[in-house]
$ cat input.cif   # mmCIF, C-alpha atoms and all ligand atoms
data_final
loop_
_atom_site.label_atom_id
_atom_site.label_comp_id
_atom_site.auth_asym_id
_atom_site.auth_seq_id
_atom_site.Cartn_x
_atom_site.Cartn_y
_atom_site.Cartn_z
CA MET V 101 0.00 0.00 0.00
CA THR V 102 1.34 3.46 -0.85
CA SER V 103 1.38 6.28 1.69
CA ASN V 104 -1.27 8.07 -0.37
CA GLU V 105 -3.50 4.97 -0.07
CA ILE V 106 -2.83 4.69 3.67
CA ARG V 107 -3.89 8.31 4.22
CA ARG V 108 -6.95 7.84 2.03
CA THR V 109 -8.12 4.56 3.61
CA PHE V 110 -7.79 6.01 7.11
CA LEU V 111 -9.94 9.05 6.31
CA GLU V 112 -12.42 6.90 4.40
CA TYR V 113 -12.84 4.43 7.30
CA PHE V 114 -13.73 7.21 9.70
CA ARG V 115 -15.91 8.96 7.13
CA GLN V 116 -17.91 5.75 6.84
CA HIS V 117 -18.29 5.81 10.63
CA GLY V 118 -19.90 9.23 10.73
CA HIS V 119 -16.81 11.46 10.90
CA ARG V 120 -16.51 14.71 8.95
CA VAL V 121 -13.31 14.71 6.88
CA VAL V 122 -11.83 18.10 7.80
CA ALA V 123 -8.91 19.65 5.86
CA SER V 124 -5.57 20.03 7.61
CA ALA V 125 -5.23 23.37 9.36
CA PRO V 126 -2.18 25.43 8.30
CA LEU V 127 1.11 24.92 10.13
CA VAL V 128 0.74 28.44 11.51
CA PRO V 129 -1.95 28.23 14.19
CA GLY V 130 -4.76 30.76 13.63
CA ASP V 131 -5.03 32.68 16.88
CA ASP V 132 -3.23 30.58 19.47
CA PRO V 133 -0.35 32.54 21.01
CA THR V 134 0.64 29.47 23.08
CA LEU V 135 1.86 27.66 19.95
CA LEU V 136 4.76 28.32 17.60
CA PHE V 137 3.49 25.84 15.03
CA THR V 138 0.60 23.40 14.82
CA ASN V 139 1.92 20.40 16.77
CA ALA V 140 -1.04 18.01 16.85
CA GLY V 141 -4.21 17.16 14.98
CA MET V 142 -6.30 18.43 17.89
CA ASN V 143 -5.01 22.03 17.75
CA GLN V 144 -7.67 23.20 15.32
CA PHE V 145 -10.30 21.69 17.63
CA LYS V 146 -8.90 23.04 20.91
CA ASP V 147 -11.83 25.40 21.57
CA VAL V 148 -14.33 22.69 20.61
CA PHE V 149 -12.87 20.41 23.31
CA LEU V 150 -12.97 23.29 25.78
CA GLY V 151 -16.67 23.95 25.00
CA ARG V 152 -15.92 27.49 23.74
CA GLU V 153 -16.83 26.71 20.14
CA LYS V 154 -19.53 24.59 18.53
CA ARG V 155 -19.25 22.90 15.12
CA GLU V 156 -21.97 21.35 13.02
CA TYR V 157 -20.38 17.92 13.57
CA THR V 158 -19.38 15.97 16.68
CA ARG V 159 -17.00 13.52 14.94
CA ALA V 160 -14.08 14.55 12.74
CA THR V 161 -11.09 12.98 11.03
CA THR V 162 -8.01 14.67 9.59
CA SER V 163 -4.61 14.21 8.14
CA GLN V 164 -2.93 17.16 9.82
CA LYS V 165 0.39 18.80 8.90
CA VAL V 166 2.40 19.22 12.09
CA MET V 167 5.78 20.56 13.15
CA ARG V 168 7.52 19.40 16.32
CA VAL V 169 10.43 21.79 16.73
CA SER V 170 9.80 23.61 19.98
CA GLY V 171 8.26 23.54 23.41
CA LYS V 172 6.75 20.38 24.81
CA HIS V 173 7.07 18.42 21.58
CA ASN V 174 10.49 19.03 20.01
CA ASP V 175 12.20 16.43 17.82
CA LEU V 176 14.64 18.67 15.92
CA ASP V 177 17.84 17.26 17.44
CA ASN V 178 16.79 13.67 16.76
CA VAL V 179 16.46 14.26 13.03
CA GLY V 180 19.36 12.75 11.11
CA PRO V 181 20.51 9.97 13.46
CA SER V 182 16.92 8.81 14.15
CA HIS V 183 14.91 6.71 11.71
CA ARG V 184 11.56 7.66 13.18
CA HIS V 185 11.63 11.33 14.20
CA HIS V 186 10.79 14.29 11.99
CA THR V 187 10.45 18.04 12.23
CA PHE V 188 7.48 17.98 9.86
CA PHE V 189 5.10 15.06 9.63
CA GLU V 190 1.50 14.19 8.94
CA MET V 191 -0.70 13.08 11.75
CA LEU V 192 -3.77 11.00 11.09
CA GLY V 193 -6.50 11.49 13.68
CA ASN V 194 -10.09 10.82 14.63
CA PHE V 195 -11.90 13.07 17.06
CA SER V 196 -15.05 12.99 19.13
CA PHE V 197 -16.42 16.16 20.68
CA GLY V 198 -18.63 14.89 23.49
CA ASP V 199 -19.86 12.12 21.18
CA TYR V 200 -18.25 8.66 21.62
CA PHE V 201 -15.65 7.92 24.29
CA LYS V 202 -13.21 5.16 25.27
CA ALA V 203 -15.14 2.04 24.22
CA GLU V 204 -15.79 3.21 20.66
CA ALA V 205 -12.37 4.86 20.24
CA ILE V 206 -10.55 1.68 21.21
CA GLU V 207 -12.74 -0.46 18.99
CA PHE V 208 -12.32 1.92 16.02
CA ALA V 209 -8.54 1.85 16.43
CA TRP V 210 -8.40 -1.92 16.74
CA ARG V 211 -10.61 -2.53 13.69
CA MET V 212 -8.76 0.06 11.59
CA LEU V 213 -5.46 -1.67 12.26
CA THR V 214 -6.45 -5.32 12.22
CA GLU V 215 -9.35 -5.36 9.74
CA VAL V 216 -8.86 -2.48 7.31
CA TRP V 217 -5.07 -2.67 7.23
CA GLN V 218 -4.99 -6.33 8.27
CA MET V 219 -2.13 -5.96 10.70
CA PRO V 220 -1.49 -9.18 12.64
CA ALA V 221 -3.19 -8.78 16.03
CA GLU V 222 -0.41 -10.71 17.79
CA LYS V 223 2.09 -8.00 16.78
CA LEU V 224 0.24 -5.29 18.69
CA VAL V 225 0.67 -4.35 22.33
CA VAL V 226 -1.09 -1.49 24.10
CA SER V 227 -0.61 0.69 27.13
CA VAL V 228 -2.92 2.36 29.65
CA PHE V 229 -2.35 4.89 32.42
CA LYS V 230 -1.23 3.18 35.62
CA GLY V 231 -2.30 5.98 38.01
CA GLU V 232 0.08 8.72 39.15
CA ASN V 233 0.22 12.28 40.52
CA GLY V 234 -3.24 12.04 42.04
CA ILE V 235 -4.86 10.87 38.79
CA PRO V 236 -6.29 7.36 39.11
CA ARG V 237 -5.41 4.25 37.05
CA ASP V 238 -7.42 3.96 33.83
CA THR V 239 -9.31 0.83 34.81
CA GLU V 240 -12.01 1.50 32.23
CA ALA V 241 -9.52 1.56 29.32
CA TYR V 242 -7.85 -1.58 30.70
CA ASP V 243 -11.17 -3.45 30.82
CA ILE V 244 -12.10 -2.39 27.29
CA TRP V 245 -8.72 -3.50 25.94
CA ARG V 246 -9.14 -6.91 27.57
CA LYS V 247 -11.91 -7.61 25.01
CA PHE V 248 -9.29 -7.41 22.26
CA VAL V 249 -5.93 -8.39 23.73
CA PRO V 250 -4.68 -10.71 26.50
CA ALA V 251 -3.55 -9.17 29.79
CA ASP V 252 0.14 -9.76 29.06
CA ARG V 253 -0.12 -7.40 26.10
CA ILE V 254 -1.41 -4.45 28.13
CA MET V 255 1.34 -2.33 29.68
CA GLU V 256 0.55 0.04 32.52
CA LEU V 257 2.65 3.20 32.29
CA GLY V 258 2.88 6.59 33.98
CA SER V 259 2.33 10.22 33.01
CA GLU V 260 5.38 10.39 30.75
CA ASP V 261 3.78 7.92 28.32
CA ASN V 262 0.12 7.85 29.12
CA PHE V 263 -0.98 11.36 29.97
CA TRP V 264 -1.13 13.69 26.98
CA GLN V 265 -1.28 17.47 26.76
CA MET V 266 -0.57 19.74 23.81
CA GLY V 267 1.35 22.29 25.88
CA ASP V 268 1.62 23.64 29.42
CA THR V 269 -2.04 24.63 29.30
CA GLY V 270 -5.13 23.45 27.41
CA PRO V 271 -7.12 20.24 27.00
CA CYS V 272 -5.47 17.04 28.24
CA GLY V 273 -6.14 13.57 29.53
CA ARG V 274 -5.02 10.01 30.10
CA CYS V 275 -4.16 8.15 26.95
CA SER V 276 -3.69 4.67 25.59
CA GLU V 277 -0.98 3.92 23.06
CA ILE V 278 -0.72 1.11 20.53
CA TYR V 279 2.68 -0.33 19.70
CA TYR V 280 3.76 -2.54 16.86
CA VAL V 281 6.27 -5.21 17.83
CA ARG V 282 8.80 -5.61 15.05
CA GLY V 283 11.04 -7.81 17.13
CA GLY V 284 14.60 -8.35 16.03
CA SER V 285 17.62 -6.35 17.00
CA GLY V 286 16.95 -3.17 14.98
CA ALA V 287 16.88 0.31 16.51
CA ASP V 288 13.16 0.13 17.26
CA PRO V 289 12.05 -3.43 18.04
CA GLU V 290 8.82 -1.97 19.40
CA ILE V 291 7.39 1.19 17.92
CA GLU V 292 4.53 3.39 19.10
CA ILE V 293 2.13 3.87 16.23
CA TRP V 294 -1.07 5.33 17.64
CA ASN V 295 -2.09 7.40 20.60
CA ASN V 296 -5.71 7.53 21.75
CA VAL V 297 -6.18 10.44 24.12
CA PHE V 298 -9.20 10.45 26.40
CA MET V 299 -9.68 14.20 26.77
CA GLU V 300 -11.18 14.93 30.16
CA PHE V 301 -9.49 18.02 31.63
CA GLU V 302 -8.30 21.52 30.92
CA ARG V 303 -4.95 22.34 32.51
CA SER V 304 -4.57 25.96 33.63
CA ALA V 305 -1.31 27.89 33.97
CA ASP V 306 -1.14 27.10 37.72
CA GLY V 307 -1.32 23.36 36.93
CA THR V 308 -4.87 22.71 38.14
CA LEU V 309 -7.06 20.33 36.16
CA THR V 310 -10.69 21.25 35.53
CA PRO V 311 -13.06 18.71 33.94
CA LEU V 312 -14.02 19.49 30.32
CA PRO V 313 -17.71 20.14 29.57
CA ALA V 314 -17.85 16.67 27.94
CA PRO V 315 -15.36 13.79 27.77
CA SER V 316 -13.93 13.68 24.25
CA ILE V 317 -11.52 11.77 22.02
CA ASP V 318 -8.34 12.98 20.33
CA THR V 319 -6.13 10.51 18.51
CA GLY V 320 -2.82 10.84 16.74
CA MET V 321 -0.98 8.47 14.43
CA GLY V 322 2.11 9.53 12.49
CA LEU V 323 1.59 8.68 8.83
CA GLU V 324 5.35 8.14 8.43
CA ARG V 325 5.53 5.44 11.12
CA ILE V 326 2.40 3.56 10.11
CA THR V 327 3.60 3.67 6.51
CA ALA V 328 6.94 2.15 7.55
CA VAL V 329 5.13 -0.65 9.39
CA LEU V 330 2.64 -1.35 6.59
CA GLN V 331 5.36 -1.25 3.94
CA GLY V 332 7.51 -3.64 6.02
CA LYS V 333 10.35 -1.14 6.46
CA GLU V 334 12.55 -0.72 9.53
CA SER V 335 13.02 2.98 8.85
CA ASN V 336 10.52 5.70 7.99
CA TYR V 337 13.08 6.94 5.48
CA ASP V 338 12.81 3.70 3.49
CA THR V 339 9.15 4.38 2.68
CA ASP V 340 7.68 6.08 -0.37
CA LEU V 341 7.31 9.26 1.70
CA PHE V 342 11.07 9.79 1.77
CA MET V 343 12.71 7.58 -0.86
CA PRO V 344 11.84 9.86 -3.81
CA LEU V 345 13.56 12.74 -1.95
CA LEU V 346 16.57 10.65 -0.95
CA THR V 347 16.91 9.39 -4.52
CA ARG V 348 16.81 12.92 -5.92
CA VAL V 349 19.36 14.22 -3.37
CA GLY V 350 21.57 11.26 -4.27
CA GLU V 351 21.30 11.91 -8.01
CA LEU V 352 22.22 15.56 -7.54
CA ALA V 353 25.07 14.90 -5.09
CA GLY V 354 26.43 11.76 -6.73
CA VAL V 355 25.99 9.62 -3.60
CA ARG V 356 23.72 6.69 -2.85
CA TYR V 357 21.49 6.33 0.20
CA GLY V 358 22.54 3.29 2.21
CA ASP V 359 26.22 3.36 1.20
CA ASN V 360 27.65 5.23 4.16
CA GLU V 361 26.17 6.13 7.57
CA GLN V 362 27.69 9.62 7.61
CA THR V 363 26.24 10.65 4.25
CA ASP V 364 22.98 8.84 5.14
CA VAL V 365 22.56 11.08 8.20
CA SER V 366 23.05 14.19 6.05
CA MET V 367 20.63 12.87 3.41
CA ARG V 368 17.99 12.21 6.07
CA VAL V 369 18.40 15.75 7.42
CA VAL V 370 18.05 17.20 3.92
CA ALA V 371 14.97 15.07 3.13
CA ASP V 372 13.28 15.86 6.46
CA HIS V 373 14.08 19.56 6.40
CA ALA V 374 13.09 19.91 2.72
CA ARG V 375 9.60 18.73 3.64
CA ALA V 376 9.46 21.13 6.60
CA MET V 377 10.60 24.18 4.63
CA THR V 378 8.33 23.41 1.67
CA PHE V 379 5.20 23.09 3.79
CA LEU V 380 6.10 26.03 6.07
CA ILE V 381 6.71 28.39 3.17
CA GLY V 382 3.57 27.06 1.47
CA ASP V 383 1.69 28.07 4.62
CA GLY V 384 3.08 31.60 4.49
CA VAL V 385 6.19 31.51 6.72
CA ILE V 386 9.14 33.50 5.33
CA PRO V 387 12.72 32.97 6.54
CA SER V 388 13.66 35.82 8.89
CA ASN V 389 15.42 36.53 12.18
CA GLU V 390 12.33 36.40 14.33
CA TRP V 391 9.86 33.92 15.81
CA ARG V 392 8.50 31.45 13.20
CA GLY V 393 10.65 32.81 10.39
CA TYR V 394 13.73 32.26 12.53
CA VAL V 395 12.92 28.59 13.11
CA LEU V 396 12.40 28.15 9.38
CA ARG V 397 15.72 29.88 8.66
CA LYS V 398 17.48 27.66 11.21
CA ILE V 399 16.05 24.52 9.59
CA MET V 400 17.04 25.74 6.11
CA ARG V 401 20.59 26.56 7.17
CA ARG V 402 20.95 23.21 8.88
CA ALA V 403 19.90 21.51 5.63
CA MET V 404 22.37 23.64 3.66
CA ARG V 405 25.19 22.70 6.06
CA HIS V 406 24.44 19.01 5.54
CA GLY V 407 24.30 19.70 1.80
CA LYS V 408 27.91 20.90 2.02
CA HIS V 409 28.80 17.61 3.74
CA LEU V 410 27.29 15.84 0.74
CA GLY V 411 29.54 17.84 -1.59
CA PHE V 412 27.05 20.37 -2.96
CA THR V 413 28.77 23.52 -4.17
CA GLU V 414 25.64 25.16 -5.58
CA PRO V 415 22.11 25.72 -4.22
CA PHE V 416 20.12 22.49 -4.48
CA LEU V 417 17.37 22.48 -1.86
CA HIS V 418 14.78 24.12 -4.12
CA GLU V 419 14.97 20.98 -6.34
CA MET V 420 13.16 19.03 -3.60
CA VAL V 421 9.97 21.08 -4.07
CA THR V 422 9.38 19.48 -7.49
CA VAL V 423 9.55 16.01 -5.92
CA LEU V 424 7.15 16.97 -3.13
CA ALA V 425 4.65 18.64 -5.47
CA ARG V 426 4.67 15.49 -7.62
CA GLU V 427 4.37 12.99 -4.73
CA MET V 428 2.11 14.87 -2.31
CA GLY V 429 0.27 17.34 -4.51
CA ASP V 430 -2.87 15.18 -4.72
CA ALA V 431 -3.30 15.25 -0.93
CA TYR V 432 -2.15 18.89 -0.60
CA PRO V 433 -3.12 20.71 -3.85
CA ASP V 434 -1.70 24.01 -2.46
CA LEU V 435 1.76 22.56 -2.97
CA ARG V 436 1.25 22.71 -6.71
CA THR V 437 -0.47 26.10 -6.67
CA ASN V 438 2.35 27.59 -4.58
CA GLN V 439 5.22 25.63 -6.14
CA GLU V 440 6.82 28.57 -7.92
CA MET V 441 6.68 30.86 -4.88
CA ILE V 442 8.18 28.13 -2.65
CA VAL V 443 11.01 27.46 -5.12
CA LYS V 444 11.81 31.20 -5.36
CA THR V 445 11.83 31.65 -1.57
CA ILE V 446 14.13 28.67 -1.00
CA THR V 447 16.49 29.67 -3.83
CA ALA V 448 16.77 33.24 -2.50
CA GLU V 449 17.65 31.97 0.99
CA GLU V 450 20.16 29.48 -0.44
CA ASN V 451 21.86 32.22 -2.46
CA ARG V 452 21.91 34.55 0.55
CA PHE V 453 23.65 32.01 2.78
CA ASP V 454 25.90 30.40 0.19
CA ALA V 455 28.79 32.86 0.51
CA VAL V 456 28.77 32.46 4.30
CA LEU V 457 28.82 28.69 3.95
CA LYS V 458 31.59 28.65 1.34
CA ASP V 459 34.05 30.72 3.37
CA GLY V 460 32.77 30.29 6.89
CA LEU V 461 31.82 26.63 7.21
CA PRO V 462 35.28 25.09 6.57
CA ARG V 463 36.76 27.59 9.07
CA LEU V 464 34.05 26.85 11.63
CA GLU V 465 34.62 23.11 11.25
CA ALA V 466 38.37 23.57 11.65
CA GLU V 467 37.73 25.47 14.92
CA ILE V 468 35.39 22.71 16.11
CA ASP V 469 38.07 20.11 15.31
CA LYS V 470 40.61 22.13 17.30
CA ALA V 471 38.23 22.41 20.25
CA ARG V 472 37.63 18.65 20.20
CA GLU V 473 41.34 17.89 19.99
CA SER V 474 42.08 20.21 22.93
CA GLY V 475 39.91 17.96 25.09
CA ALA V 476 38.02 20.90 26.67
CA LYS V 477 35.39 20.74 23.92
CA VAL V 478 34.86 24.48 24.11
CA LEU V 479 35.15 26.75 21.09
CA GLY V 480 36.76 29.97 22.35
CA GLY V 481 34.98 33.34 22.28
CA GLU V 482 37.69 34.96 20.18
CA ALA V 483 37.44 32.32 17.45
CA ALA V 484 33.65 32.49 17.48
CA PHE V 485 33.76 36.28 17.22
CA ARG V 486 36.19 36.13 14.27
CA LEU V 487 33.90 33.68 12.45
CA TYR V 488 31.00 36.06 12.98
CA ASP V 489 32.77 39.36 12.39
CA THR V 490 35.04 38.48 9.49
CA PHE V 491 33.20 35.65 7.77
CA GLY V 492 29.60 36.52 8.62
CA VAL V 493 28.76 33.19 10.26
CA PRO V 494 25.69 33.81 12.48
CA TYR V 495 26.32 33.12 16.17
CA ASP V 496 23.42 30.66 16.53
CA PHE V 497 24.71 28.72 13.51
CA ILE V 498 28.13 28.46 15.19
CA GLU V 499 26.52 27.24 18.40
CA ASP V 500 24.20 24.80 16.62
CA THR V 501 26.96 23.32 14.44
CA ALA V 502 29.34 22.98 17.40
CA ALA V 503 26.63 21.34 19.53
CA THR V 504 26.06 18.59 16.94
CA ARG V 505 29.69 17.58 17.53
CA GLY V 506 29.53 17.85 21.34
CA VAL V 507 31.32 21.21 21.50
CA SER V 508 30.01 24.25 23.38
CA VAL V 509 30.84 27.88 22.64
CA ASP V 510 32.25 30.31 25.20
CA ARG V 511 29.49 32.86 24.77
CA GLU V 512 30.64 34.97 27.75
CA ALA V 513 34.06 35.54 26.21
N1 LIG V 601 -2.97 14.45 20.27
C1 LIG V 601 -2.48 13.14 20.34
C2 LIG V 601 -1.04 13.00 19.98
O1 LIG V 601 -0.49 13.93 19.42
O2 LIG V 601 -0.45 12.00 20.26
#
$ encode --input "input.cif" --output "structure tokens"
Amino acid sequence: MTSNEIRRTFLEYFRQHGHRVVASAPLVPGDDPTLLFTNAGMNQFKDVFLGREKREYTRATTSQKVMRVSGKHNDLDNVGPSHRHHTFFEMLGNFSFGDYFKAEAIEFAWRMLTEVWQMPAEKLVVSVFKGENGIPRDTEAYDIWRKFVPADRIMELGSEDNFWQMGDTGPCGRCSEIYYVRGGSGADPEIEIWNNVFMEFERSADGTLTPLPAPSIDTGMGLERITAVLQGKESNYDTDLFMPLLTRVGELAGVRYGDNEQTDVSMRVVADHARAMTFLIGDGVIPSNEWRGYVLRKIMRRAMRHGKHLGFTEPFLHEMVTVLAREMGDAYPDLRTNQEMIVKTITAEENRFDAVLKDGLPRLEAEIDKARESGAKVLGGEAAFRLYDTFGVPYDFIEDTAATRGVSVDREA
């Protein structure tokens, strides 16, 4: 099954069960100052959960564009080495606003996985909240799960795993995760694929929990992970969501994905960040030195740095937009409408930073090497200042690049 079919069959299953198929909200949250970027499918429904907004439907399903690069949910540093973390990804979700609750949500999830996608039931394990911090064990979820799985396949975990909240404040609740057991000795013998959140409280800034007007359901399943599982791949990057990008990067750089771990890491960063920048710019974010634009710029510069490691001497990132418009344009038609604008924005940023990279990056890397050899693993203030003052290397880029190699910068000096 292709990723496009996986997305489509998920939405179709829930549509058939009375859910409204709602379009993904933009990555820039409408009027929520608590969020840098949309970080979960439930964001666009936050006020519906809180009872402050009414919709003409009580069940919804989405494939939501999300970014996890800040705050409570931040995966930026994992991207590259990890095979299952991303800055940008798509989250499949089904939602109930005071309509169905735990029994139906669990049954929907189980049938979607084992009947629609025909995943082997014996490969699935689940978790429920064990009770912690004054919030009781989720006995109800445990009892419902027992209708589908034996007791030895229900884990009982604490708040870290089984209590979900989108940020420091807002709707939250106990949750129940579903894991796929790959087995073997790979990096992820057991991988979390789906989170069913039983929304019951609103957390206020002082930490207190107030019951929501009606218990509700919020679920989240990363399309990239479920695609890896359904396509029998160990790594998200081996799926049809990433391979076309990795192949194109390889063609342009003259390297092949899978040949060398060091170039593989750089190729994964480029593929991941190309998706993030394409969708962010498509949703109206422009690289700048402030707030959302700054995060975009940081991601773009990180991708350019890894491009240098792959041997690129000319701008190349804008080439990825063509691949994404071709592969994902049916699900996100805006990608095709905005293609030219996205290409122009990326090319301009690549050209702007290219001179800095050409002169500054080899010097920065030489300083990082020196700092590592000295044993102190600190890049001196004078060297950092020279890189900035003479070669125009931005301070945060120095710090970020050094940090990836375990070196800190003497900011005080
Ligand atoms: N809102 C559920 C999740 O992101 O896991």
$ residues_around --input "input.cif" --residues "region 128-132 of chain V" --least-positions-apart "3" --cutoff "9 Å" --atoms "all atoms listed in the file" --output "PyMOL selection string"
chain V and resi 125+135-138+143-144+380+383-385+392
$ closest_residue --input "input.cif" --among "V:Ala221, V:Ile317, V:Leu213, V:Ala502" --to "Met142 (chain V)" --atoms "all atoms listed in the file"
V:Ile317
$ residues_near_point --input "input.cif" --point "(3.8, 34.1, -2.6)" --cutoff "9 Å" --atoms "all atoms listed in the file" --output "NGL selection string"
:V and (381-382 or 384 or 438 or 440-442 or 444-445)
$ residues_near_ligand --input "input.cif" --ligand "ligand LIG 601 (chain V)" --cutoff "9 Å" --atoms "all atoms listed in the file" --output "ChimeraX atom specification"
/V:139-143,191,193,264-266,272,275,277,294-297,318-322
$ closest_atom_pairs --input "input.cif" --of "region 410-447 of chain V" --to "region 345-367 of chain V" --cutoff "12 Å" --atoms "all atoms listed in the file" --output "Markdown table"
| residue | atom | partner | partner_atom | distance |
| --- | --- | --- | --- | --- |
| V:Leu410 | CA | V:Ala353 | CA | 6.3 |
| V:Gly411 | CA | V:Ala353 | CA | 6.4 |
| V:Phe412 | CA | V:Ala353 | CA | 6.2 |
| V:Thr413 | CA | V:Ala353 | CA | 9.4 |
| V:Glu414 | CA | V:Ala353 | CA | 10.3 |
| V:Pro415 | CA | V:Leu352 | CA | 10.7 |
| V:Phe416 | CA | V:Leu352 | CA | 7.9 |
| V:Leu417 | CA | V:Val349 | CA | 8.6 |
| V:His418 | CA | V:Val349 | CA | 10.9 |
| V:Glu419 | CA | V:Arg348 | CA | 8.3 |
| V:Met420 | CA | V:Leu345 | CA | 6.5 |
| V:Val421 | CA | V:Leu345 | CA | 9.3 |
| V:Thr422 | CA | V:Leu345 | CA | 9.7 |
| V:Val423 | CA | V:Leu345 | CA | 6.5 |
| V:Leu424 | CA | V:Leu345 | CA | 7.8 |
| V:Ala425 | CA | V:Leu345 | CA | 11.3 |
| V:Arg426 | CA | V:Leu345 | CA | 10.9 |
| V:Glu427 | CA | V:Leu345 | CA | 9.6 |
| V:Met428 | CA | V:Leu345 | CA | 11.7 |
$ residues_near_point --input "input.cif" --point "(19.2, 14.7, 6.5)" --cutoff "12 Å" --atoms "all atoms listed in the file" --output "PyMOL selection string"
chain V and resi 176-183+185-187+337+342+345-346+349-350+357+361-376+399-410+417
$ atom_distance --input "input.cif" --atom1 "CA of Thr102 (chain V)" --atom2 "CA of Leu330 (chain V)"
9.0 Å
$ residues_around --input "input.cif" --residues "Val478 (chain V)" --least-positions-apart "2" --cutoff "6 Å" --atoms "all atoms listed in the file" --output "ChimeraX atom specification"
/V:471,476,507-509
$ decode --input "input.cif" --residues "region 389-403 of chain V" --atoms "C-alpha atoms" --output "PDB file, in the first residue's frame"
ATOM      1  CA  ASN V 389      15.416  36.529  12.182  1.00  0.00           C
ATOM      2  CA  GLU V 390      12.334  36.401  14.332  1.00  0.00           C
ATOM      3  CA  TRP V 391       9.856  33.919  15.811  1.00  0.00           C
ATOM      4  CA  ARG V 392       8.497  31.452  13.197  1.00  0.00           C
ATOM      5  CA  GLY V 393      10.652  32.812  10.394  1.00  0.00           C
ATOM      6  CA  TYR V 394      13.729  32.264  12.530  1.00  0.00           C
ATOM      7  CA  VAL V 395      12.920  28.590  13.111  1.00  0.00           C
ATOM      8  CA  LEU V 396      12.400  28.153   9.375  1.00  0.00           C
ATOM      9  CA  ARG V 397      15.725  29.882   8.659  1.00  0.00           C
ATOM     10  CA  LYS V 398      17.484  27.661  11.205  1.00  0.00           C
ATOM     11  CA  ILE V 399      16.052  24.517   9.590  1.00  0.00           C
ATOM     12  CA  MET V 400      17.042  25.737   6.112  1.00  0.00           C
ATOM     13  CA  ARG V 401      20.589  26.563   7.173  1.00  0.00           C
ATOM     14  CA  ARG V 402      20.948  23.214   8.884  1.00  0.00           C
ATOM     15  CA  ALA V 403      19.900  21.506   5.629  1.00  0.00           C
TER      16      ALA V 403
END
